[in-house]
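To be precise, the following lines are run.txt, and they hold compact mmCIF, N, CA and C atoms.
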```txt
# COMPACT_ATOMS: atom_id res chain seq x y z
N MET A 264 -75.53 -41.48 132.04
CA MET A 264 -74.12 -41.76 132.09
C MET A 264 -73.30 -40.67 131.39
N LEU A 265 -73.81 -40.12 130.30
CA LEU A 265 -73.07 -39.09 129.59
C LEU A 265 -72.90 -37.83 130.43
N TRP A 266 -73.91 -37.51 131.26
CA TRP A 266 -73.79 -36.36 132.16
C TRP A 266 -72.69 -36.59 133.19
N ILE A 267 -72.64 -37.79 133.72
CA ILE A 267 -71.60 -38.12 134.69
C ILE A 267 -70.23 -38.05 134.03
N LYS A 268 -70.12 -38.58 132.83
CA LYS A 268 -68.86 -38.54 132.11
C LYS A 268 -68.43 -37.10 131.82
N ALA A 269 -69.39 -36.26 131.40
CA ALA A 269 -69.09 -34.86 131.11
C ALA A 269 -68.60 -34.13 132.36
N PHE A 270 -69.30 -34.32 133.48
CA PHE A 270 -68.87 -33.66 134.71
C PHE A 270 -67.55 -34.20 135.22
N HIS A 271 -67.31 -35.49 135.02
CA HIS A 271 -66.01 -36.07 135.38
C HIS A 271 -64.90 -35.37 134.61
N ILE A 272 -65.07 -35.18 133.33
CA ILE A 272 -64.07 -34.51 132.50
C ILE A 272 -63.87 -33.06 132.95
N VAL A 273 -64.96 -32.37 133.25
CA VAL A 273 -64.86 -30.97 133.70
C VAL A 273 -64.08 -30.89 135.01
N PHE A 274 -64.40 -31.75 135.96
CA PHE A 274 -63.70 -31.70 137.25
C PHE A 274 -62.24 -32.13 137.13
N VAL A 275 -61.97 -33.12 136.29
CA VAL A 275 -60.58 -33.55 136.09
C VAL A 275 -59.78 -32.42 135.46
N ALA A 276 -60.33 -31.80 134.42
CA ALA A 276 -59.62 -30.70 133.75
C ALA A 276 -59.39 -29.53 134.72
N SER A 277 -60.37 -29.24 135.54
CA SER A 277 -60.23 -28.15 136.51
C SER A 277 -59.19 -28.48 137.58
N TRP A 278 -59.21 -29.73 138.05
CA TRP A 278 -58.22 -30.17 139.04
C TRP A 278 -56.81 -30.03 138.46
N PHE A 279 -56.63 -30.49 137.22
CA PHE A 279 -55.32 -30.40 136.60
C PHE A 279 -54.91 -28.96 136.33
N ALA A 280 -55.87 -28.08 136.06
CA ALA A 280 -55.51 -26.67 135.88
C ALA A 280 -54.83 -26.15 137.14
N GLY A 281 -55.34 -26.54 138.30
CA GLY A 281 -54.70 -26.16 139.55
C GLY A 281 -53.32 -26.78 139.69
N LEU A 282 -53.20 -28.06 139.28
CA LEU A 282 -51.90 -28.73 139.36
C LEU A 282 -50.89 -28.19 138.35
N PHE A 283 -51.39 -27.59 137.27
CA PHE A 283 -50.48 -26.95 136.32
C PHE A 283 -49.96 -25.62 136.86
N TYR A 284 -50.81 -24.87 137.56
CA TYR A 284 -50.44 -23.53 137.99
C TYR A 284 -49.73 -23.49 139.34
N LEU A 285 -50.09 -24.39 140.25
CA LEU A 285 -49.49 -24.36 141.58
C LEU A 285 -47.96 -24.45 141.56
N PRO A 286 -47.37 -25.38 140.81
CA PRO A 286 -45.90 -25.40 140.76
C PRO A 286 -45.29 -24.15 140.13
N ARG A 287 -46.05 -23.46 139.27
CA ARG A 287 -45.55 -22.18 138.73
C ARG A 287 -45.45 -21.16 139.86
N LEU A 288 -46.38 -21.22 140.79
CA LEU A 288 -46.28 -20.35 141.96
C LEU A 288 -45.07 -20.72 142.81
N PHE A 289 -44.76 -22.03 142.87
CA PHE A 289 -43.57 -22.46 143.60
C PHE A 289 -42.30 -21.90 142.96
N VAL A 290 -42.27 -21.86 141.63
CA VAL A 290 -41.12 -21.27 140.93
C VAL A 290 -40.96 -19.82 141.38
N ASN A 291 -42.06 -19.09 141.38
CA ASN A 291 -42.01 -17.68 141.78
C ASN A 291 -41.62 -17.53 143.24
N LEU A 292 -42.17 -18.40 144.11
CA LEU A 292 -41.82 -18.33 145.53
C LEU A 292 -40.33 -18.61 145.75
N ALA A 293 -39.78 -19.54 145.00
CA ALA A 293 -38.36 -19.86 145.14
C ALA A 293 -37.46 -18.72 144.66
N MET A 294 -38.00 -17.83 143.85
CA MET A 294 -37.22 -16.72 143.31
C MET A 294 -37.39 -15.43 144.12
N VAL A 295 -38.29 -15.42 145.11
CA VAL A 295 -38.53 -14.20 145.89
C VAL A 295 -37.32 -13.91 146.78
N PRO A 296 -36.82 -12.69 146.71
CA PRO A 296 -35.71 -12.32 147.61
C PRO A 296 -36.17 -12.37 149.07
N THR A 297 -35.27 -12.70 149.96
CA THR A 297 -35.63 -12.88 151.37
C THR A 297 -36.20 -11.61 151.99
N GLU A 298 -35.81 -10.46 151.52
CA GLU A 298 -36.30 -9.20 152.11
C GLU A 298 -37.68 -8.78 151.57
N SER A 299 -38.21 -9.48 150.60
CA SER A 299 -39.48 -9.12 149.98
C SER A 299 -40.64 -9.88 150.64
N HIS A 300 -40.99 -9.47 151.85
CA HIS A 300 -42.01 -10.17 152.63
C HIS A 300 -43.41 -10.06 152.02
N ALA A 301 -43.76 -8.90 151.50
CA ALA A 301 -45.10 -8.71 150.94
C ALA A 301 -45.32 -9.60 149.71
N GLU A 302 -44.32 -9.65 148.85
CA GLU A 302 -44.43 -10.49 147.66
C GLU A 302 -44.55 -11.96 148.05
N ARG A 303 -43.75 -12.40 149.00
CA ARG A 303 -43.79 -13.78 149.47
C ARG A 303 -45.16 -14.11 150.06
N GLU A 304 -45.69 -13.23 150.89
CA GLU A 304 -46.99 -13.47 151.52
C GLU A 304 -48.12 -13.51 150.49
N ARG A 305 -48.05 -12.65 149.49
CA ARG A 305 -49.07 -12.65 148.43
C ARG A 305 -49.04 -13.95 147.64
N LEU A 306 -47.84 -14.42 147.28
CA LEU A 306 -47.71 -15.68 146.55
C LEU A 306 -48.14 -16.87 147.41
N LEU A 307 -47.82 -16.84 148.69
CA LEU A 307 -48.24 -17.91 149.59
C LEU A 307 -49.76 -17.95 149.72
N LEU A 308 -50.39 -16.79 149.81
CA LEU A 308 -51.85 -16.73 149.89
C LEU A 308 -52.47 -17.32 148.62
N MET A 309 -51.94 -16.92 147.47
CA MET A 309 -52.44 -17.46 146.20
C MET A 309 -52.26 -18.97 146.13
N ALA A 310 -51.08 -19.45 146.51
CA ALA A 310 -50.79 -20.88 146.44
C ALA A 310 -51.68 -21.66 147.40
N HIS A 311 -51.88 -21.14 148.60
CA HIS A 311 -52.72 -21.82 149.58
C HIS A 311 -54.16 -21.92 149.10
N LYS A 312 -54.69 -20.83 148.58
CA LYS A 312 -56.08 -20.84 148.07
C LYS A 312 -56.21 -21.78 146.87
N LEU A 313 -55.22 -21.78 145.99
CA LEU A 313 -55.26 -22.66 144.82
C LEU A 313 -55.17 -24.12 145.24
N TYR A 314 -54.33 -24.44 146.20
CA TYR A 314 -54.22 -25.82 146.67
C TYR A 314 -55.54 -26.29 147.29
N ARG A 315 -56.13 -25.44 148.11
CA ARG A 315 -57.41 -25.80 148.74
C ARG A 315 -58.50 -25.99 147.68
N PHE A 316 -58.57 -25.09 146.71
CA PHE A 316 -59.58 -25.19 145.66
C PHE A 316 -59.35 -26.43 144.79
N SER A 317 -58.09 -26.72 144.46
CA SER A 317 -57.78 -27.91 143.67
C SER A 317 -58.17 -29.18 144.41
N THR A 318 -57.99 -29.18 145.72
CA THR A 318 -58.39 -30.33 146.52
C THR A 318 -59.90 -30.52 146.46
N LEU A 319 -60.65 -29.42 146.51
CA LEU A 319 -62.10 -29.51 146.39
C LEU A 319 -62.53 -30.04 145.03
N LEU A 320 -61.80 -29.72 143.99
CA LEU A 320 -62.12 -30.21 142.64
C LEU A 320 -61.74 -31.67 142.47
N MET A 321 -60.69 -32.10 143.17
CA MET A 321 -60.23 -33.48 143.07
C MET A 321 -61.30 -34.46 143.55
N VAL A 322 -62.00 -34.11 144.60
CA VAL A 322 -62.96 -35.04 145.21
C VAL A 322 -64.07 -35.45 144.24
N PRO A 323 -64.80 -34.50 143.62
CA PRO A 323 -65.83 -34.95 142.67
C PRO A 323 -65.24 -35.61 141.42
N ALA A 324 -64.04 -35.21 141.01
CA ALA A 324 -63.41 -35.87 139.86
C ALA A 324 -63.21 -37.35 140.15
N LEU A 325 -62.68 -37.66 141.33
CA LEU A 325 -62.44 -39.06 141.70
C LEU A 325 -63.75 -39.81 141.94
N LEU A 326 -64.71 -39.15 142.58
CA LEU A 326 -66.00 -39.82 142.84
C LEU A 326 -66.73 -40.15 141.54
N LEU A 327 -66.79 -39.20 140.63
CA LEU A 327 -67.49 -39.44 139.36
C LEU A 327 -66.75 -40.49 138.53
N GLY A 328 -65.44 -40.47 138.56
CA GLY A 328 -64.67 -41.50 137.86
C GLY A 328 -64.93 -42.88 138.45
N SER A 329 -65.05 -42.94 139.76
CA SER A 329 -65.36 -44.21 140.42
C SER A 329 -66.73 -44.73 140.04
N VAL A 330 -67.69 -43.83 139.93
CA VAL A 330 -69.05 -44.22 139.51
C VAL A 330 -69.01 -44.78 138.08
N LEU A 331 -68.28 -44.11 137.20
CA LEU A 331 -68.19 -44.60 135.82
C LEU A 331 -67.52 -45.97 135.76
N TRP A 332 -66.54 -46.18 136.58
CA TRP A 332 -65.80 -47.44 136.57
C TRP A 332 -66.57 -48.56 137.28
N LEU A 333 -67.03 -48.28 138.49
CA LEU A 333 -67.62 -49.35 139.30
C LEU A 333 -69.10 -49.59 138.98
N TYR A 334 -69.87 -48.52 138.73
CA TYR A 334 -71.30 -48.69 138.48
C TYR A 334 -71.61 -48.96 137.01
N TYR A 335 -71.01 -48.15 136.13
CA TYR A 335 -71.29 -48.32 134.70
C TYR A 335 -70.35 -49.32 134.03
N GLY A 336 -69.30 -49.71 134.68
CA GLY A 336 -68.40 -50.74 134.15
C GLY A 336 -67.45 -50.27 133.07
N ILE A 337 -67.25 -48.97 132.95
CA ILE A 337 -66.30 -48.48 131.94
C ILE A 337 -64.90 -48.93 132.31
N GLY A 338 -64.25 -49.61 131.39
CA GLY A 338 -62.89 -50.08 131.61
C GLY A 338 -62.80 -51.39 132.36
N ARG A 339 -63.93 -52.01 132.62
CA ARG A 339 -63.90 -53.31 133.32
C ARG A 339 -64.02 -54.43 132.30
N GLY A 340 -63.57 -55.58 132.70
CA GLY A 340 -63.64 -56.74 131.82
C GLY A 340 -62.33 -57.02 131.13
N PRO A 341 -62.31 -58.11 130.37
CA PRO A 341 -61.06 -58.50 129.70
C PRO A 341 -60.66 -57.49 128.62
N GLY A 342 -59.36 -57.33 128.45
CA GLY A 342 -58.84 -56.46 127.39
C GLY A 342 -58.85 -54.98 127.74
N ASN A 343 -59.06 -54.65 128.98
CA ASN A 343 -59.09 -53.24 129.38
C ASN A 343 -57.90 -52.90 130.28
N TYR A 344 -56.73 -53.30 129.85
CA TYR A 344 -55.54 -53.03 130.65
C TYR A 344 -55.19 -51.55 130.69
N TRP A 345 -55.70 -50.81 129.72
CA TRP A 345 -55.48 -49.37 129.72
C TRP A 345 -56.04 -48.75 131.00
N MET A 346 -57.15 -49.33 131.51
CA MET A 346 -57.76 -48.78 132.73
C MET A 346 -56.85 -49.01 133.93
N HIS A 347 -56.17 -50.15 133.98
CA HIS A 347 -55.23 -50.39 135.08
C HIS A 347 -54.11 -49.35 135.05
N ALA A 348 -53.60 -49.09 133.86
CA ALA A 348 -52.55 -48.08 133.72
C ALA A 348 -53.08 -46.70 134.11
N LYS A 349 -54.30 -46.38 133.68
CA LYS A 349 -54.89 -45.09 134.02
C LYS A 349 -55.06 -44.95 135.52
N LEU A 350 -55.57 -45.99 136.18
CA LEU A 350 -55.76 -45.93 137.62
C LEU A 350 -54.43 -45.79 138.35
N GLY A 351 -53.39 -46.44 137.84
CA GLY A 351 -52.06 -46.27 138.41
C GLY A 351 -51.58 -44.83 138.29
N LEU A 352 -51.83 -44.23 137.13
CA LEU A 352 -51.45 -42.81 136.95
C LEU A 352 -52.28 -41.90 137.83
N VAL A 353 -53.55 -42.22 138.00
CA VAL A 353 -54.41 -41.40 138.87
C VAL A 353 -53.87 -41.44 140.31
N LEU A 354 -53.41 -42.61 140.74
CA LEU A 354 -52.79 -42.70 142.07
C LEU A 354 -51.54 -41.82 142.15
N LEU A 355 -50.75 -41.83 141.07
CA LEU A 355 -49.56 -40.97 141.03
C LEU A 355 -49.94 -39.48 141.06
N VAL A 356 -51.01 -39.14 140.37
CA VAL A 356 -51.47 -37.75 140.38
C VAL A 356 -51.91 -37.36 141.79
N GLY A 357 -52.59 -38.27 142.47
CA GLY A 357 -52.96 -38.01 143.86
C GLY A 357 -51.73 -37.79 144.73
N GLY A 358 -50.68 -38.59 144.51
CA GLY A 358 -49.43 -38.40 145.23
C GLY A 358 -48.77 -37.07 144.89
N TYR A 359 -48.84 -36.69 143.62
CA TYR A 359 -48.30 -35.40 143.17
C TYR A 359 -49.04 -34.26 143.86
N HIS A 360 -50.36 -34.39 143.94
CA HIS A 360 -51.18 -33.38 144.60
C HIS A 360 -50.75 -33.27 146.07
N HIS A 361 -50.59 -34.40 146.73
CA HIS A 361 -50.14 -34.40 148.12
C HIS A 361 -48.75 -33.79 148.25
N ALA A 362 -47.86 -34.10 147.32
CA ALA A 362 -46.51 -33.53 147.34
C ALA A 362 -46.57 -32.01 147.21
N CYS A 363 -47.49 -31.51 146.41
CA CYS A 363 -47.66 -30.06 146.29
C CYS A 363 -48.03 -29.44 147.64
N GLY A 364 -48.89 -30.13 148.38
CA GLY A 364 -49.26 -29.65 149.71
C GLY A 364 -48.06 -29.62 150.66
N ARG A 365 -47.22 -30.64 150.59
CA ARG A 365 -46.02 -30.67 151.44
C ARG A 365 -45.03 -29.58 151.05
N ILE A 366 -44.89 -29.36 149.74
CA ILE A 366 -43.99 -28.29 149.27
C ILE A 366 -44.51 -26.93 149.73
N LEU A 367 -45.81 -26.72 149.62
CA LEU A 367 -46.40 -25.47 150.07
C LEU A 367 -46.12 -25.25 151.56
N HIS A 368 -46.24 -26.31 152.33
CA HIS A 368 -45.95 -26.21 153.77
C HIS A 368 -44.49 -25.81 154.00
N ARG A 369 -43.57 -26.33 153.19
CA ARG A 369 -42.16 -25.95 153.32
C ARG A 369 -41.94 -24.47 153.04
N PHE A 370 -42.65 -23.95 152.04
CA PHE A 370 -42.54 -22.52 151.76
C PHE A 370 -43.13 -21.70 152.91
N GLU A 371 -44.24 -22.17 153.48
CA GLU A 371 -44.87 -21.44 154.58
C GLU A 371 -43.99 -21.43 155.83
N THR A 372 -43.24 -22.49 156.05
CA THR A 372 -42.38 -22.58 157.24
C THR A 372 -40.94 -22.17 156.96
N LEU A 373 -40.70 -21.62 155.78
CA LEU A 373 -39.38 -21.14 155.37
C LEU A 373 -38.31 -22.24 155.41
N THR A 374 -38.72 -23.47 155.06
CA THR A 374 -37.77 -24.58 155.05
C THR A 374 -37.50 -25.11 153.64
N ASN A 375 -37.90 -24.37 152.62
CA ASN A 375 -37.62 -24.80 151.25
C ASN A 375 -36.13 -24.73 150.98
N LYS A 376 -35.60 -25.79 150.42
CA LYS A 376 -34.16 -25.85 150.09
C LYS A 376 -33.92 -25.95 148.58
N ARG A 377 -34.98 -26.11 147.81
CA ARG A 377 -34.81 -26.35 146.37
C ARG A 377 -34.82 -25.03 145.59
N PRO A 378 -34.02 -24.99 144.50
CA PRO A 378 -33.99 -23.78 143.66
C PRO A 378 -35.19 -23.75 142.70
N HIS A 379 -35.39 -22.59 142.12
CA HIS A 379 -36.53 -22.42 141.21
C HIS A 379 -36.43 -23.35 140.00
N ARG A 380 -35.24 -23.71 139.59
CA ARG A 380 -35.09 -24.61 138.43
C ARG A 380 -35.68 -25.98 138.72
N TRP A 381 -35.55 -26.47 139.94
CA TRP A 381 -36.14 -27.76 140.29
C TRP A 381 -37.66 -27.71 140.13
N TYR A 382 -38.26 -26.60 140.54
CA TYR A 382 -39.71 -26.47 140.43
C TYR A 382 -40.17 -26.34 138.98
N ARG A 383 -39.31 -25.81 138.13
CA ARG A 383 -39.64 -25.77 136.70
C ARG A 383 -39.78 -27.18 136.14
N PHE A 384 -38.91 -28.10 136.53
CA PHE A 384 -39.04 -29.49 136.10
C PHE A 384 -40.21 -30.18 136.78
N PHE A 385 -40.37 -29.92 138.07
CA PHE A 385 -41.49 -30.50 138.82
C PHE A 385 -42.82 -30.12 138.19
N ASN A 386 -42.91 -28.91 137.67
CA ASN A 386 -44.13 -28.42 137.04
C ASN A 386 -44.52 -29.27 135.83
N GLU A 387 -43.55 -29.78 135.11
CA GLU A 387 -43.84 -30.53 133.89
C GLU A 387 -44.37 -31.94 134.17
N VAL A 388 -44.19 -32.44 135.37
CA VAL A 388 -44.65 -33.78 135.72
C VAL A 388 -46.16 -33.89 135.55
N SER A 389 -46.89 -32.89 136.01
CA SER A 389 -48.35 -32.94 135.89
C SER A 389 -48.80 -32.93 134.43
N VAL A 390 -48.10 -32.21 133.59
CA VAL A 390 -48.44 -32.17 132.16
C VAL A 390 -48.23 -33.55 131.53
N LEU A 391 -47.13 -34.19 131.87
CA LEU A 391 -46.85 -35.53 131.33
C LEU A 391 -47.88 -36.55 131.80
N MET A 392 -48.24 -36.49 133.08
CA MET A 392 -49.25 -37.43 133.58
C MET A 392 -50.61 -37.18 132.93
N PHE A 393 -50.98 -35.92 132.76
CA PHE A 393 -52.25 -35.58 132.12
C PHE A 393 -52.27 -36.12 130.69
N ALA A 394 -51.19 -35.89 129.95
CA ALA A 394 -51.12 -36.37 128.57
C ALA A 394 -51.21 -37.89 128.51
N ALA A 395 -50.52 -38.57 129.40
CA ALA A 395 -50.55 -40.03 129.41
C ALA A 395 -51.95 -40.55 129.71
N ILE A 396 -52.64 -39.92 130.66
CA ILE A 396 -54.01 -40.36 131.00
C ILE A 396 -54.94 -40.13 129.83
N VAL A 397 -54.86 -38.99 129.19
CA VAL A 397 -55.73 -38.71 128.04
C VAL A 397 -55.47 -39.71 126.93
N ILE A 398 -54.21 -39.99 126.65
CA ILE A 398 -53.88 -40.97 125.60
C ILE A 398 -54.43 -42.34 125.95
N LEU A 399 -54.28 -42.76 127.19
CA LEU A 399 -54.80 -44.07 127.60
C LEU A 399 -56.32 -44.14 127.42
N VAL A 400 -57.03 -43.09 127.80
CA VAL A 400 -58.49 -43.10 127.72
C VAL A 400 -58.98 -43.04 126.29
N VAL A 401 -58.35 -42.25 125.47
CA VAL A 401 -58.82 -42.07 124.10
C VAL A 401 -58.35 -43.20 123.18
N VAL A 402 -57.07 -43.52 123.22
CA VAL A 402 -56.50 -44.51 122.30
C VAL A 402 -56.72 -45.93 122.79
N LYS A 403 -56.72 -46.13 124.11
CA LYS A 403 -56.84 -47.47 124.70
C LYS A 403 -55.85 -48.43 124.03
N PRO A 404 -54.55 -48.17 124.19
CA PRO A 404 -53.54 -48.93 123.46
C PRO A 404 -53.41 -50.39 123.86
N PHE A 405 -53.94 -50.77 125.00
CA PHE A 405 -53.86 -52.17 125.43
C PHE A 405 -55.00 -52.48 126.38
```

Structure re-expressed in structure tokens:
Amino acid sequence: MLWIKAFHIVFVASWFAGLFYLPRLFVNLAMVPTESHAERERLLLMAHKLYRFSTLLMVPALLLGSVLWLYYGIGRGPGNYWMHAKLGLVLLVGGYHHACGRILHRFETLTNKRPHRWYRFFNEVSVLMFAAIVILVVVKPF
């Protein structure tokens, strides 16, 4: 079980590393002048590869977490409401990941309408969700 838990943490941390950096690329993409095609294409290539790699990391993170929850019973039973909150946040993180894919598609199709400042705030959402999940798992406040 400890090996599964360790790999779950590694994959979750790696997945979030991608979710921390991808919106930073969106900030840069939103700031690229329209005449700078090479810079835009380079940033799009980086963002596309990072999104694909983060998606690959998400799958084992979720599978290993499911094994810990469903097979080993971590967070199951009475008094484990922290796990319900964590699972709710994990669903939100999955939605955030999907939203990143939709935003990337908007940049690829030149339909982005949001300024770079919006992406600076959007970038912080993943940090807040990560912090909340870690606090729930470690402190188990309820």

Inset, instruction - Determine, counting all atoms listed in the file, which protein, DNA and RNA residues have an atom within 8 Å of an atom of Asn375 in chain A; residues of the same chain fewer than 4 positions away are not included. Present the result as a list of chain:residue names. - result: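 Residues meeting the cut-off are A:Ala293, A:Ile366, A:His368, A:Arg369, A:Phe370, A:Glu371.
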
Legend entry - Spatial neighbours of Ser389 in chain A, 8 Å, only N, CA and C atoms, chain gap at least 3 places, as a ChimeraX atom specification: /A:279,282-283,356,359,384-386,392-395

Legend entry - Contact residues around Phe405 in chain A with all atoms listed in the file at 5 Å, ignoring same-chain residues under 3 positions, as a ChimeraX atom specification: /A:342-345

Inset, instruction - From a DSSP pass on the backbone, collect the residues of chain A flagged as alpha helix (DSSP H) and hand them back as a ChimeraX atom specification. - result: /A:265-294,300-329,344-371,379-402

Inset, instruction - Point out the residue among A:Thr318, A:Thr297, A:Asn291, A:Ser329 with the least atom-to-atom distance to Trp278 in chain A, counting only C-alpha atoms. - result: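 Checking each candidate against Trp278 in chain A, we get A:Thr318 as the closest.
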